[in-house]
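Below is the file work17.txt, which contains compact mmCIF, C-alpha atoms.
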# COMPACT_ATOMS: atom_id res chain seq x y z
CA MET A 225 362.11 149.29 262.75
CA THR A 226 358.40 149.79 263.03
CA ARG A 227 356.94 146.34 263.47
CA LEU A 228 358.85 145.48 266.59
CA ASP A 229 358.75 148.79 268.41
CA PRO A 230 357.73 148.52 272.08
CA ILE A 231 354.08 149.29 271.38
CA ALA A 232 353.83 146.58 268.71
CA ARG A 233 355.50 144.05 271.02
CA ARG A 234 352.96 144.85 273.70
CA ALA A 235 350.06 144.48 271.28
CA LEU A 236 351.34 141.21 269.84
CA GLY A 237 351.97 139.81 273.32
CA ARG A 238 348.39 140.56 274.34
CA THR A 239 346.89 139.22 271.14
CA LEU A 240 348.71 135.92 271.58
CA SER A 241 347.49 135.58 275.19
CA ARG A 242 343.92 136.15 274.11
CA LEU A 243 344.15 133.61 271.29
CA ALA A 244 346.03 131.01 273.36
CA THR A 245 343.33 130.87 276.02
CA ALA A 246 340.26 131.16 273.76
CA SER A 247 337.62 128.46 274.13
CA VAL A 248 336.53 126.58 271.04
CA ALA A 249 333.41 128.77 270.72
CA GLU A 250 335.50 131.95 270.99
CA SER A 251 338.05 130.67 268.54
CA VAL A 252 335.43 129.74 265.94
CA SER A 253 333.39 132.92 266.40
CA GLN A 254 336.19 135.41 265.88
CA ASP A 255 336.78 136.94 262.50
CA PRO A 256 340.09 135.48 261.42
CA GLY A 257 340.57 137.62 258.32
CA PRO A 258 341.99 136.02 255.20
CA ALA A 259 344.12 132.91 255.74
CA PRO A 260 347.77 133.83 255.11
CA MET A 261 349.22 132.44 251.92
CA PRO A 262 351.90 129.78 252.31
CA PHE A 263 355.51 130.88 251.91
CA GLU A 264 354.97 134.60 252.68
CA THR A 265 356.20 133.86 256.16
CA ALA A 266 358.34 130.75 256.39
CA ARG A 267 357.28 128.41 259.21
CA ILE A 268 360.11 126.22 260.42
CA GLY A 269 359.37 123.58 263.05
CA PHE A 270 361.77 121.85 265.45
CA THR A 271 360.80 118.62 267.11
CA GLY A 272 362.55 115.83 268.99
CA ALA A 273 362.80 114.13 272.35
CA PRO A 274 363.11 116.15 275.57
CA GLY A 275 366.72 117.15 276.13
CA ALA A 276 367.76 116.72 272.50
CA GLY A 277 368.84 120.36 272.45
CA LYS A 278 366.06 121.94 270.43
CA SER A 279 366.06 125.32 272.20
CA THR A 280 369.82 125.77 272.02
CA LEU A 281 369.84 124.77 268.36
CA ILE A 282 367.06 127.26 267.59
CA SER A 283 368.92 130.06 269.32
CA ARG A 284 372.06 129.35 267.30
CA LEU A 285 370.12 129.15 264.05
CA ALA A 286 367.97 132.19 264.85
CA LYS A 287 371.07 134.37 264.77
CA ARG A 288 371.78 133.29 261.19
CA ARG A 289 368.19 133.57 260.05
CA LEU A 290 368.05 137.09 261.51
CA ALA A 291 370.99 138.14 259.38
CA VAL A 292 368.89 137.35 256.30
CA CYS A 293 365.52 138.50 257.65
CA ARG A 294 366.43 141.68 259.49
CA GLU A 295 365.33 144.05 256.74
CA ARG A 296 362.30 141.95 255.96
CA GLY A 297 360.29 141.71 259.14
CA GLY A 298 362.46 139.82 261.60
CA VAL A 299 362.10 136.40 263.21
CA ALA A 300 359.62 135.09 265.78
CA VAL A 301 360.32 132.08 267.99
CA ILE A 302 357.42 130.17 269.57
CA GLY A 303 358.48 127.65 272.22
CA ILE A 304 355.97 125.20 273.67
CA ASP A 305 356.45 123.43 277.00
CA PRO A 306 354.19 120.89 278.67
CA THR A 307 351.32 121.83 280.96
CA SER A 308 351.29 119.83 284.20
CA PRO A 309 348.28 117.52 284.18
CA LEU A 310 348.17 117.80 287.97
CA SER A 311 348.18 121.55 288.59
CA GLY A 312 347.54 122.98 285.11
CA GLY A 313 350.70 125.05 285.60
CA SER A 314 353.96 125.01 283.68
CA ILE A 315 357.58 126.08 283.71
CA LEU A 316 358.27 127.67 280.33
CA GLY A 317 362.00 127.05 280.05
CA ASP A 318 362.82 127.24 276.35
CA ARG A 319 363.76 130.87 276.43
CA ILE A 320 366.46 130.44 279.07
CA ARG A 321 368.55 128.62 276.42
CA MET A 322 368.13 131.50 274.02
CA ASP A 323 370.18 134.08 275.92
CA ASN A 324 372.59 134.60 273.05
CA VAL A 325 369.89 136.11 270.84
CA ALA A 326 367.53 137.49 273.45
CA ASN A 327 368.76 141.05 272.99
CA GLU A 328 368.32 141.10 269.22
CA SER A 329 365.86 143.86 268.37
CA ASP A 330 364.19 142.08 265.43
CA LEU A 331 363.57 138.89 267.34
CA TYR A 332 360.38 138.10 269.21
CA ILE A 333 360.35 135.11 271.58
CA ARG A 334 357.13 133.78 273.05
CA SER A 335 356.75 130.79 275.40
CA LEU A 336 353.47 128.89 275.54
CA SER A 337 352.20 125.95 277.55
CA SER A 338 350.63 122.98 275.79
CA ARG A 339 347.31 123.38 277.66
CA ALA A 340 344.83 120.69 276.59
CA SER A 341 346.87 119.57 273.55
CA HIS A 342 348.62 116.24 273.55
CA ASP A 343 350.15 116.46 270.08
CA GLY A 344 353.32 118.41 270.87
CA LEU A 345 351.66 121.74 270.07
CA THR A 346 349.17 123.90 271.98
CA ASP A 347 345.47 124.83 271.76
CA ASN A 348 344.70 127.24 268.93
CA ILE A 349 348.19 126.95 267.41
CA ALA A 350 346.72 127.70 263.97
CA ASP A 351 345.32 131.04 265.15
CA LEU A 352 348.54 131.84 267.01
CA LEU A 353 350.73 131.25 263.96
CA ASN A 354 348.41 133.29 261.75
CA ALA A 355 348.50 136.15 264.25
CA VAL A 356 352.31 136.15 264.35
CA GLU A 357 352.33 136.16 260.54
CA SER A 358 350.00 139.16 260.47
CA TYR A 359 352.70 141.16 262.28
CA GLY A 360 354.89 140.76 259.22
CA PHE A 361 357.64 138.46 260.48
CA ARG A 362 359.68 136.90 257.72
CA GLU A 363 360.13 133.62 259.57
CA ILE A 364 358.63 131.74 262.51
CA LEU A 365 360.69 129.14 264.34
CA LEU A 366 358.33 126.80 266.22
CA GLU A 367 359.62 124.49 268.95
CA THR A 368 357.34 121.61 269.93
CA VAL A 369 357.08 120.01 273.33
CA GLY A 370 359.70 117.27 273.64
CA VAL A 371 357.99 114.48 271.73
CA GLY A 372 358.11 110.73 271.47
CA GLN A 373 357.04 108.73 268.50
CA ALA A 374 353.63 109.69 267.32
CA GLU A 375 353.15 113.45 267.51
CA HIS A 376 352.77 114.20 263.83
CA ALA A 377 350.63 117.31 264.14
CA VAL A 378 353.55 119.72 263.73
CA ARG A 379 353.99 118.40 260.18
CA HIS A 380 350.92 120.30 259.03
CA ALA A 381 351.69 123.42 261.02
CA VAL A 382 355.05 124.19 259.37
CA ASP A 383 356.68 124.38 255.93
CA THR A 384 360.03 122.92 256.95
CA LEU A 385 360.33 120.38 259.76
CA VAL A 386 363.65 119.80 261.50
CA MET A 387 363.94 116.67 263.64
CA VAL A 388 366.56 116.95 266.38
CA LEU A 389 368.20 113.68 267.50
CA GLN A 390 371.11 112.79 269.76
CA PRO A 391 374.00 110.36 269.26
CA ASN A 392 373.45 106.81 270.46
CA ALA A 393 369.71 107.11 270.36
CA GLY A 394 369.76 103.82 268.45
CA ASP A 395 366.79 102.13 270.04
CA ALA A 396 364.79 105.30 269.91
CA ILE A 397 365.51 105.60 266.22
CA GLN A 398 364.39 102.05 265.59
CA ALA A 399 361.18 102.79 267.38
CA MET A 400 360.64 105.97 265.38
CA LYS A 401 361.19 104.28 262.05
CA SER A 402 357.58 104.24 261.05
CA GLY A 403 356.65 107.32 263.00
CA ILE A 404 357.80 110.88 262.85
CA LEU A 405 361.12 109.83 261.35
CA GLU A 406 359.41 109.58 257.98
CA LEU A 407 358.03 113.07 258.17
CA ALA A 408 360.87 115.52 258.72
CA ASP A 409 362.62 117.51 255.98
CA ILE A 410 365.95 117.87 257.76
CA TYR A 411 367.54 115.66 260.43
CA VAL A 412 370.02 117.07 262.92
CA ILE A 413 372.27 114.80 264.94
CA ASN A 414 372.82 117.25 267.75
CA LYS A 415 375.64 117.11 270.34
CA ALA A 416 377.79 115.58 267.60
CA ASP A 417 380.91 116.08 269.72
CA LEU A 418 379.72 113.06 271.70
CA THR A 419 380.79 109.63 270.52
CA GLY A 420 378.40 107.69 268.35
CA ALA A 421 377.30 110.67 266.25
CA ALA A 422 378.67 109.26 262.98
CA ARG A 423 376.93 105.93 263.48
CA THR A 424 373.63 107.55 264.42
CA ALA A 425 373.87 109.80 261.34
CA ALA A 426 374.49 106.76 259.13
CA GLU A 427 371.50 104.93 260.62
CA VAL A 428 369.18 107.87 260.08
CA ARG A 429 370.51 108.36 256.56
CA GLY A 430 369.69 104.73 255.81
CA ILE A 431 366.10 105.07 257.01
CA VAL A 432 365.57 108.39 255.25
CA GLN A 433 366.84 107.09 251.90
CA HIS A 434 364.66 104.04 252.24
CA HIS A 435 361.55 106.20 252.42
CA ARG A 436 362.49 108.61 249.69
CA GLY A 437 359.92 108.83 246.90
CA GLU A 438 360.55 109.55 243.23
CA GLY A 439 361.11 113.27 242.61
CA LYS A 440 360.82 113.96 246.35
CA TRP A 441 363.07 116.01 248.60
CA LEU A 442 365.90 113.94 250.04
CA PRO A 443 366.20 115.03 253.68
CA PRO A 444 369.79 115.88 254.62
CA VAL A 445 371.23 114.51 257.86
CA ILE A 446 373.42 117.14 259.53
CA LYS A 447 375.72 116.63 262.50
CA VAL A 448 375.86 119.67 264.76
CA ALA A 449 378.54 120.02 267.42
CA ARG A 450 378.68 122.62 270.15
CA ASP A 451 381.87 124.32 269.05
CA ARG A 452 381.53 124.14 265.28
CA PRO A 453 379.83 127.20 263.77
CA GLU A 454 380.20 125.63 260.32
CA ASP A 455 377.62 123.01 261.37
CA ILE A 456 375.07 125.75 261.94
CA THR A 457 375.98 127.16 258.52
CA ALA A 458 375.18 123.76 257.01
CA LEU A 459 371.82 123.67 258.82
CA ASP A 460 371.10 127.26 257.82
CA ASN A 461 371.75 126.41 254.15
CA ALA A 462 369.66 123.24 254.34
CA VAL A 463 366.71 125.24 255.72
CA SER A 464 367.02 127.80 252.92
CA ASP A 465 367.30 125.04 250.32
CA HIS A 466 364.21 123.30 251.60
CA LEU A 467 362.18 126.53 251.71
CA ASP A 468 363.22 127.22 248.08
CA TRP A 469 362.35 123.68 247.08
CA SER A 470 358.95 123.87 248.81
CA SER A 471 357.95 127.17 247.24
CA ARG A 472 358.88 125.78 243.85
CA TRP A 473 357.37 122.30 244.07
CA ARG A 474 354.74 122.21 246.77
CA ASP A 475 351.16 123.10 245.94
CA SER A 476 349.89 126.10 247.98
CA ALA A 477 346.29 124.93 247.76
CA GLU A 478 347.27 121.54 249.15
CA ILE A 479 349.17 123.16 252.04
CA LEU A 480 346.15 125.32 252.89
CA ARG A 481 343.93 122.25 252.74
CA LEU A 482 346.17 120.34 255.16
CA ARG A 483 346.36 123.32 257.51
CA ARG A 484 342.59 123.66 257.45
CA ARG A 485 342.15 119.95 258.10
CA TYR A 486 344.41 120.03 261.17
CA HIS A 487 342.72 123.19 262.43
CA VAL A 488 339.19 121.77 262.20
CA GLN A 489 340.26 118.42 263.58
CA SER A 490 341.91 119.97 266.65
CA LEU A 491 338.93 122.25 267.32
CA ILE A 492 336.59 119.27 267.33
CA ALA A 493 338.91 117.18 269.49
CA ARG A 494 339.09 119.97 272.05
CA ARG A 495 335.35 120.61 271.91
CA VAL A 496 334.83 116.95 272.82
CA LEU A 497 337.05 117.48 275.89
CA GLU A 498 335.09 120.60 276.83
CA VAL A 499 331.72 118.83 276.48
CA LEU A 500 332.82 115.73 278.41
CA SER A 501 334.16 117.76 281.34
CA ASP A 502 331.15 120.12 281.38
CA ARG A 503 328.67 117.24 281.25
CA PRO A 504 329.99 114.19 283.10
CA GLU A 505 326.51 112.60 282.94
CA LEU A 506 327.20 111.77 279.28
CA LEU A 507 329.54 109.04 280.51
CA GLU A 508 326.96 107.53 282.83
CA GLU A 509 324.98 105.82 280.09
CA VAL A 510 324.59 102.05 280.24
CA SER A 511 326.62 101.37 277.12
CA VAL A 512 329.54 103.00 275.33
CA ARG A 513 327.31 103.26 272.31
CA ASP A 514 324.78 105.40 274.20
CA SER A 515 327.50 107.62 275.66
CA TYR A 516 328.94 108.07 272.21
CA LEU A 517 325.59 108.94 270.61
CA ARG A 518 324.62 111.38 273.35
CA THR A 519 328.02 113.07 273.12
CA VAL A 520 327.66 113.47 269.36
CA GLN A 521 324.19 114.86 269.96
CA ALA A 522 325.54 117.36 272.48
CA LEU A 523 328.16 118.47 269.95
CA THR A 524 325.59 119.16 267.24
CA LYS A 525 323.84 121.61 269.58
CA ASP A 526 326.91 123.85 269.15
CA ARG A 527 325.32 125.14 265.98
CA HIS A 528 322.91 127.29 268.01
CA LEU A 529 325.52 128.30 270.56
CA LEU A 530 327.88 129.53 267.87
CA SER A 531 325.29 131.65 266.06
CA GLU A 532 324.50 133.29 269.42
CA THR A 533 328.14 133.99 270.25
CA ARG A 534 328.69 135.56 266.87
CA GLU A 535 326.03 138.18 267.68
CA ASN A 536 327.31 138.70 271.24
CA PRO A 537 331.05 138.23 271.13
CA PRO A 538 332.24 136.71 274.40
CA ASP A 539 334.53 138.82 276.55
CA GLY A 540 337.11 136.41 277.78
CA LYS A 541 335.14 133.56 279.24
CA LYS A 542 332.90 131.01 277.69
CA MET B 279 343.93 128.23 295.80
CA SER B 280 344.66 128.55 292.13
CA LEU B 281 346.72 130.73 289.85
CA LYS B 282 345.41 128.88 286.82
CA GLY B 283 345.73 130.85 283.61
CA LYS B 284 348.08 133.44 285.14
CA ARG B 285 351.42 134.14 283.49
CA ILE B 286 354.26 135.04 285.84
CA LEU B 287 357.86 136.09 285.14
CA ILE B 288 360.42 135.37 287.84
CA ALA B 289 363.44 137.57 287.18
CA LYS B 290 366.91 138.01 288.66
CA PRO B 291 368.07 141.59 288.13
CA GLY B 292 371.43 142.86 289.29
CA LEU B 293 374.60 141.04 290.12
CA ASP B 294 373.91 138.50 292.87
CA GLY B 295 374.39 134.94 291.74
CA HIS B 296 372.00 132.93 293.90
CA ASP B 297 368.70 131.74 292.54
CA VAL B 298 367.58 128.99 294.90
CA GLY B 299 364.82 131.24 296.25
CA ALA B 300 363.73 132.28 292.75
CA LYS B 301 363.49 128.64 291.69
CA VAL B 302 361.56 127.61 294.81
CA ILE B 303 359.01 130.34 294.10
CA ALA B 304 358.86 129.42 290.40
CA LEU B 305 358.04 125.78 291.18
CA ALA B 306 355.52 126.72 293.86
CA LEU B 307 353.75 129.05 291.42
CA ARG B 308 353.64 126.31 288.80
CA ASP B 309 352.15 123.92 291.33
CA ALA B 310 349.52 126.54 292.05
CA GLY B 311 348.58 126.41 288.35
CA ALA B 312 350.49 129.35 286.83
CA ASP B 313 352.57 129.44 283.65
CA VAL B 314 355.99 130.49 284.94
CA ILE B 315 358.92 131.89 282.99
CA TYR B 316 362.32 132.30 284.63
CA THR B 317 364.91 134.69 283.20
CA GLY B 318 368.08 133.17 284.59
CA LEU B 319 370.74 135.15 286.49
CA ARG B 320 372.01 138.72 286.14
CA LYS B 321 369.54 140.32 283.77
CA SER B 322 369.24 144.04 283.06
CA SER B 323 366.01 145.90 283.84
CA GLU B 324 365.61 146.63 280.13
CA TYR B 325 365.85 142.92 279.34
CA ILE B 326 363.38 141.97 282.08
CA ALA B 327 360.84 144.52 280.84
CA LYS B 328 361.18 143.26 277.27
CA VAL B 329 360.62 139.64 278.31
CA ALA B 330 357.64 140.66 280.46
CA VAL B 331 356.09 142.38 277.44
CA ASP B 332 356.89 139.70 274.83
CA GLU B 333 355.52 137.05 277.17
CA ASP B 334 352.57 139.22 278.21
CA VAL B 335 352.84 138.26 281.88
CA ASP B 336 350.40 139.37 284.57
CA VAL B 337 353.11 140.01 287.11
CA VAL B 338 356.91 140.16 287.39
CA GLY B 339 358.61 138.85 290.52
CA LEU B 340 362.05 140.39 291.10
CA SER B 341 364.31 138.24 293.25
CA MET B 342 367.11 140.33 294.77
CA LEU B 343 369.75 139.55 297.36
CA SER B 344 372.25 142.23 296.44
CA GLY B 345 370.94 145.18 298.46
CA SER B 346 370.35 147.38 295.42
CA HIS B 347 366.64 146.60 295.31
CA MET B 348 365.51 150.26 295.35
CA GLU B 349 367.48 151.16 292.22
CA LEU B 350 366.56 147.93 290.40
CA VAL B 351 362.86 148.30 291.17
CA ASN B 352 362.77 151.91 289.98
CA GLU B 353 364.67 151.04 286.83
CA THR B 354 362.42 148.06 286.01
CA MET B 355 359.30 150.20 286.54
CA ARG B 356 360.72 152.83 284.20
CA CYS B 357 361.48 150.26 281.50
CA LEU B 358 357.99 148.74 281.77
CA GLU B 359 356.49 152.21 281.29
CA ALA B 360 358.56 152.64 278.13
CA TYR B 361 356.89 149.51 276.77
CA ASP B 362 353.43 150.87 277.55
CA ALA B 363 353.27 148.14 280.18
CA GLY B 364 352.93 150.09 283.41
CA ASP B 365 349.93 147.90 284.20
CA ILE B 366 352.09 144.78 284.58
CA LYS B 367 352.41 144.31 288.32
CA VAL B 368 355.73 143.85 290.10
CA PHE B 369 356.47 142.09 293.36
CA VAL B 370 359.84 141.69 295.04
CA GLY B 371 361.39 138.94 297.05
CA GLY B 372 364.73 138.00 298.56
CA THR B 373 366.77 139.80 301.17
CA ILE B 374 364.82 143.00 301.75
CA PRO B 375 365.29 144.87 305.06
CA GLU B 376 362.01 145.66 306.80
CA LYS B 377 362.82 149.38 306.74
CA ASP B 378 362.69 149.41 302.92
CA ARG B 379 359.27 147.81 302.63
CA GLU B 380 357.33 151.08 302.79
CA ALA B 381 359.52 152.77 300.16
CA LEU B 382 359.22 149.80 297.79
CA LEU B 383 355.43 149.79 298.09
CA LYS B 384 355.48 153.53 297.49
CA ALA B 385 357.60 152.96 294.37
CA GLY B 386 354.72 150.89 293.04
CA VAL B 387 355.46 147.23 293.82
CA CYS B 388 352.39 145.20 294.76
CA GLY B 389 354.08 143.10 297.40
CA VAL B 390 357.31 142.46 299.30
CA TYR B 391 357.86 138.78 300.12
CA THR B 392 360.97 137.98 302.08
CA SER B 393 362.50 134.57 302.62
CA GLU B 394 361.15 134.47 306.19
CA MET B 395 357.55 134.31 304.95
CA PRO B 396 355.90 130.87 304.69
CA LEU B 397 355.43 129.84 301.07
CA GLU B 398 351.65 129.43 301.39
CA GLU B 399 351.38 132.98 302.64
CA VAL B 400 353.38 134.27 299.66
CA LEU B 401 351.22 132.31 297.21
CA SER B 402 347.94 133.52 298.64
CA ALA B 403 349.24 137.11 298.67
CA ILE B 404 350.16 136.81 294.97
CA GLU B 405 346.82 135.25 294.19
CA ARG B 406 345.03 138.13 295.91
CA GLN B 407 347.03 140.62 293.86
CA LEU B 408 346.09 138.90 290.60
CA SER B 409 342.43 138.24 291.23
Rewritten as structure tokens:
Amino acid sequence: MTRLDPIARRALGRTLSRLATASVAESVSQDPGPAPMPFETARIGFTGAPGAGKSTLISRLAKRRLAVCRERGGVAVIGIDPTSPLSGGSILGDRIRMDNVANESDLYIRSLSSRASHDGLTDNIADLLNAVESYGFREILLETVGVGQAEHAVRHAVDTLVMVLQPNAGDAIQAMKSGILELADIYVINKADLTGAARTAAEVRGIVQHHRGEGKWLPPVIKVARDRPEDITALDNAVSDHLDWSSRWRDSAEILRLRRRYHVQSLIARRVLEVLSDRPELLEEVSVRDSYLRTVQALTKDRHLLSETRENPPDGKK
Amino acid sequence: MSLKGKRILIAKPGLDGHDVGAKVIALALRDAGADVIYTGLRKSSEYIAKVAVDEDVDVVGLSMLSGSHMELVNETMRCLEAYDAGDIKVFVGGTIPEKDREALLKAGVCGVYTSEMPLEEVLSAIERQLS
């Protein structure tokens, strides 16, 4: 075990802190090294409403994935919790549900707050995932903030997306029909020891089959109950199947293109936030049109700023 | 007052099973702007050090009501050193007799905050330690 010795853990922990808090200018100015190739490290995402049981499910699955990955770099878990819009603080509570695996030596768990992101992920998630990959983990399990209907960003951050639902979430499922429910690769009906699980599974199966394209992956719908280890086996197998399927049929260049697109798009979105809070006068124009044009103008000035920062790398603050 | 951008681990080492105080502090720290991670009850010093390192926190708060604070503090410090993380600060809270304060500070903790202290005072003391 070399990768996860205490010194490496310390170094990885610090690297992730630095990346997580980097401003847009810092993030763009750093030398990222070569972009990791898809499928070398499997990225598996878990999304779903708050309280659906994502963290507990991840901890149960992580144990199985570790059994496969132990000799090949281990498993990293990234859990994201919401930042309070009032104080800017957060309670990072995902890890408390992961007690059963917390002592595993080849597992690394990191909790992050969502910061300025409103898409279920966190600022600089692309850099963070790349950094974790560079430490040689075989798999990354990424837990989003508890999401509603429209947070699709995680789709482009991961190779396999697991959507976690609960029994009797009927109305919620209806509402999600044309949202994230079309995007996942595997659906879990969690807490399946509660009544209504079979019906919910049937409903989801109906929607999923409806959206299935020719020659596409048919997402399995898996019921997972608290006391049935065989359910986790089914999920474990489904994840492996989907990763195999992806590496065989999905185009690496296309994946890299989608990752790049999300990365650039989120940098620009955050830069707009930075500019608008640094320069409130931009919003004091007579018309929306003028505010818009002046904001765009302010953004184009970044060109000079960035070439300066590249020569004098910033040391922590913008 | 702000702890914005600070990462803080609130940990319960040892065998006592009460964490109301730990949770009150955790919420107060969040409201002051910090990212707060709570370990849950009855964690070993080795475990606490590992979480502190994985999570790269600025400070660990040990909440202890069991009376074995001296041993637990020394053990946690030792484990942090083993992770090359002796620079992560440690404060203690809970039921700590006044006579032990000096020894705890000598052992390397950056603050001793007992349940009698007003919350605001605890928060500003932590903020001073981290600034």
Legend entry - Residues near segment 392-407 of chain B, cut-off 7 Å, only C-alpha atoms, skip fewer than 2 positions along chain, as a PyMOL selection string: chain B and resi 281+371-374+390+409
Take the residues that were just selected and, keeping C-alpha atoms, output them as a PDB file, keeping the file's coordinate frame.
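Written out: selection_1.pdb:
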ATOM      1  CA  LEU B 281     346.720 130.730 289.850  1.00  0.00           C
ATOM      2  CA  GLY B 371     361.390 138.940 297.050  1.00  0.00           C
ATOM      3  CA  GLY B 372     364.730 138.000 298.560  1.00  0.00           C
ATOM      4  CA  THR B 373     366.770 139.800 301.170  1.00  0.00           C
ATOM      5  CA  ILE B 374     364.820 143.000 301.750  1.00  0.00           C
ATOM      6  CA  VAL B 390     357.310 142.460 299.300  1.00  0.00           C
ATOM      7  CA  SER B 409     342.430 138.240 291.230  1.00  0.00           C
TER       8      SER B 409
END
Inset, instruction - Would you kindly identify which residues have an atom no farther than 10 Å from (354.3, 143.4, 268.1), using all atoms listed in the file and the file's own coordinates, and write them out as a ChimeraX atom specification? - result: /A:226-240,332,356,358-361 /B:331-332
Kindly provide, as an mmCIF file with C-alpha atoms, in the coordinates of the input, the residues of chain B having any atom no farther than 6 Å from an atom of chain A, counting only C-alpha atoms.
data_model
loop_
_atom_site.group_PDB
_atom_site.id
_atom_site.type_symbol
_atom_site.label_atom_id
_atom_site.label_comp_id
_atom_site.auth_asym_id
_atom_site.auth_seq_id
_atom_site.Cartn_x
_atom_site.Cartn_y
_atom_site.Cartn_z
ATOM 1 C CA ARG B 308 353.640 126.310 288.800
ATOM 2 C CA ASP B 309 352.150 123.920 291.330
ATOM 3 C CA GLY B 311 348.580 126.410 288.350
ATOM 4 C CA ALA B 312 350.490 129.350 286.830
ATOM 5 C CA ASP B 313 352.570 129.440 283.650
ATOM 6 C CA VAL B 314 355.990 130.490 284.940
ATOM 7 C CA ILE B 315 358.920 131.890 282.990
ATOM 8 C CA VAL B 331 356.090 142.380 277.440
ATOM 9 C CA ASP B 332 356.890 139.700 274.830
ATOM 10 C CA GLU B 333 355.520 137.050 277.170
ATOM 11 C CA ASP B 334 352.570 139.220 278.210
ATOM 12 C CA TYR B 361 356.890 149.510 276.770
#
Legend entry - Shortest interatomic distance to Ala276 of chain A - which of A:Leu366, A:Leu345, A:Leu389, A:Ala449, counting all atoms listed in the file: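 Result for the nearest residue to Ala276 of chain A: A:Leu389.
Note that atom CA of Glu376 of chain B and atom CA of Pro291 of chain B are 20.0 Å apart.
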Legend entry - For His347 of chain B, the nearest of the candidates B:Lys282, B:Arg379, B:Lys367, B:Lys328, counting all atoms listed in the file: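 Closest candidate: B:Arg379.
For segment 450-462 of chain A, the residues within 9 Å (counting all atoms listed in the file, excluding itself and residues fewer than 2 positions away along the chain) are Leu281, Arg284, Leu285, Arg288, Arg289, Ile410, Val412, Asn414, Lys415, Ala416, Asp417, Pro443, Pro444, Ile446, Lys447, Val448, Ser464, Asp465, His466 and Leu467 of chain A.
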Please, what is the axis-aligned box for every listed atom of segment 324-331 of chain B with 6 Å on each side, as centre and edge lengths in Å to one decimal, as JSON?
{"center_x": 361.0, "center_y": 143.1, "center_z": 279.7, "size_x": 21.8, "size_y": 19.0, "size_z": 16.8}
Legend entry - Distance query 9 Å from (355.8, 145.4, 285.3) using all atoms listed in the file, result as a list in words: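 With a cut-off of 9 Å, the residues come to Ile326, Ala327, Ala330, Val331, Val335, Asp336, Val337, Val338, Gly339, Thr354, Met355, Arg356, Cys357, Leu358, Glu359, Ala363, Gly364, Asp365, Ile366, Lys367, Val368, Phe369 and Val387 of chain B.
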Fewer than 4 positions away in the same chain doesn't count, so skip those; otherwise give me all residues within 8 Å of Ala350 of chain A, counting all atoms listed in the file, as a short mmCIF file (atom, residue, chain, number, x, y, z; two decimals) with C-alpha atoms, keeping the file's coordinate frame.
data_model
loop_
_atom_site.label_atom_id
_atom_site.label_comp_id
_atom_site.auth_asym_id
_atom_site.auth_seq_id
_atom_site.Cartn_x
_atom_site.Cartn_y
_atom_site.Cartn_z
CA ASN A 354 348.41 133.29 261.75
CA ALA A 381 351.69 123.42 261.02
CA ARG A 483 346.36 123.32 257.51
CA HIS A 487 342.72 123.19 262.43
#
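For the atom pair formed by atom CA of Val248 of chain A and atom CA of Arg495 of chain A, the distance is 6.1 Å, given to one decimal.
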Inset, instruction - Measure the distance from atom CA of Thr368 of chain A to atom CA of Gly275 of chain A in Å and round it to one decimal. - result: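 Interatomic distance, atom CA of Thr368 of chain A to atom CA of Gly275 of chain A: 12.1 Å.
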Inset, instruction - Extract, using all atoms listed in the file, all DNA, RNA and protein residues at most 12 Å from Arg485 of chain A, discarding same-chain residues fewer than 6 positions from it, and format them as a PyMOL selection string. - result: chain A and resi 350+377+380-381+478-479+491-492
Inset, instruction - Write out as a list in words which residues come within 8 Å of Gly272 of chain A when counting all atoms listed in the file, dropping same-chain ones fewer than 6 positions away. - result: Lys278, Thr368, Gly370, Val371, Gly372, Met387, Val388 and Leu389 of chain A
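Closest to Glu264 of chain A among A:Thr524, A:Thr424, A:Ser511, A:Ser471 is A:Ser471, based on only C-alpha atoms.
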Inset, instruction - Rank nothing, just name the residue among A:Gly298, A:Thr271, A:Arg518, A:Cys293 nearest to Pro504 of chain A, using only C-alpha atoms. - result: A:Arg518
Missing atoms of segment 310-316 of chain B rebuilt to N, CA and C atoms, written as a compact mmCIF listing (two decimals), keeping the file's coordinate frame:
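Everything below was put into rebuild.txt:
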# COMPACT_ATOMS: atom_id res chain seq x y z
N ALA B 310 350.79 125.87 291.79
CA ALA B 310 349.52 126.54 292.05
C ALA B 310 348.76 126.80 290.75
N GLY B 311 349.32 126.33 289.61
CA GLY B 311 348.58 126.41 288.35
C GLY B 311 349.03 127.47 287.37
N ALA B 312 350.07 128.25 287.71
CA ALA B 312 350.49 129.35 286.83
C ALA B 312 351.45 128.86 285.75
N ASP B 313 351.50 129.60 284.64
CA ASP B 313 352.57 129.44 283.65
C ASP B 313 353.72 130.33 284.10
N VAL B 314 354.88 129.74 284.35
CA VAL B 314 355.99 130.49 284.94
C VAL B 314 357.18 130.52 283.99
N ILE B 315 357.73 131.72 283.81
CA ILE B 315 358.92 131.89 282.99
C ILE B 315 360.02 132.41 283.91
N TYR B 316 361.20 131.84 283.81
CA TYR B 316 362.32 132.30 284.63
C TYR B 316 363.39 132.86 283.72
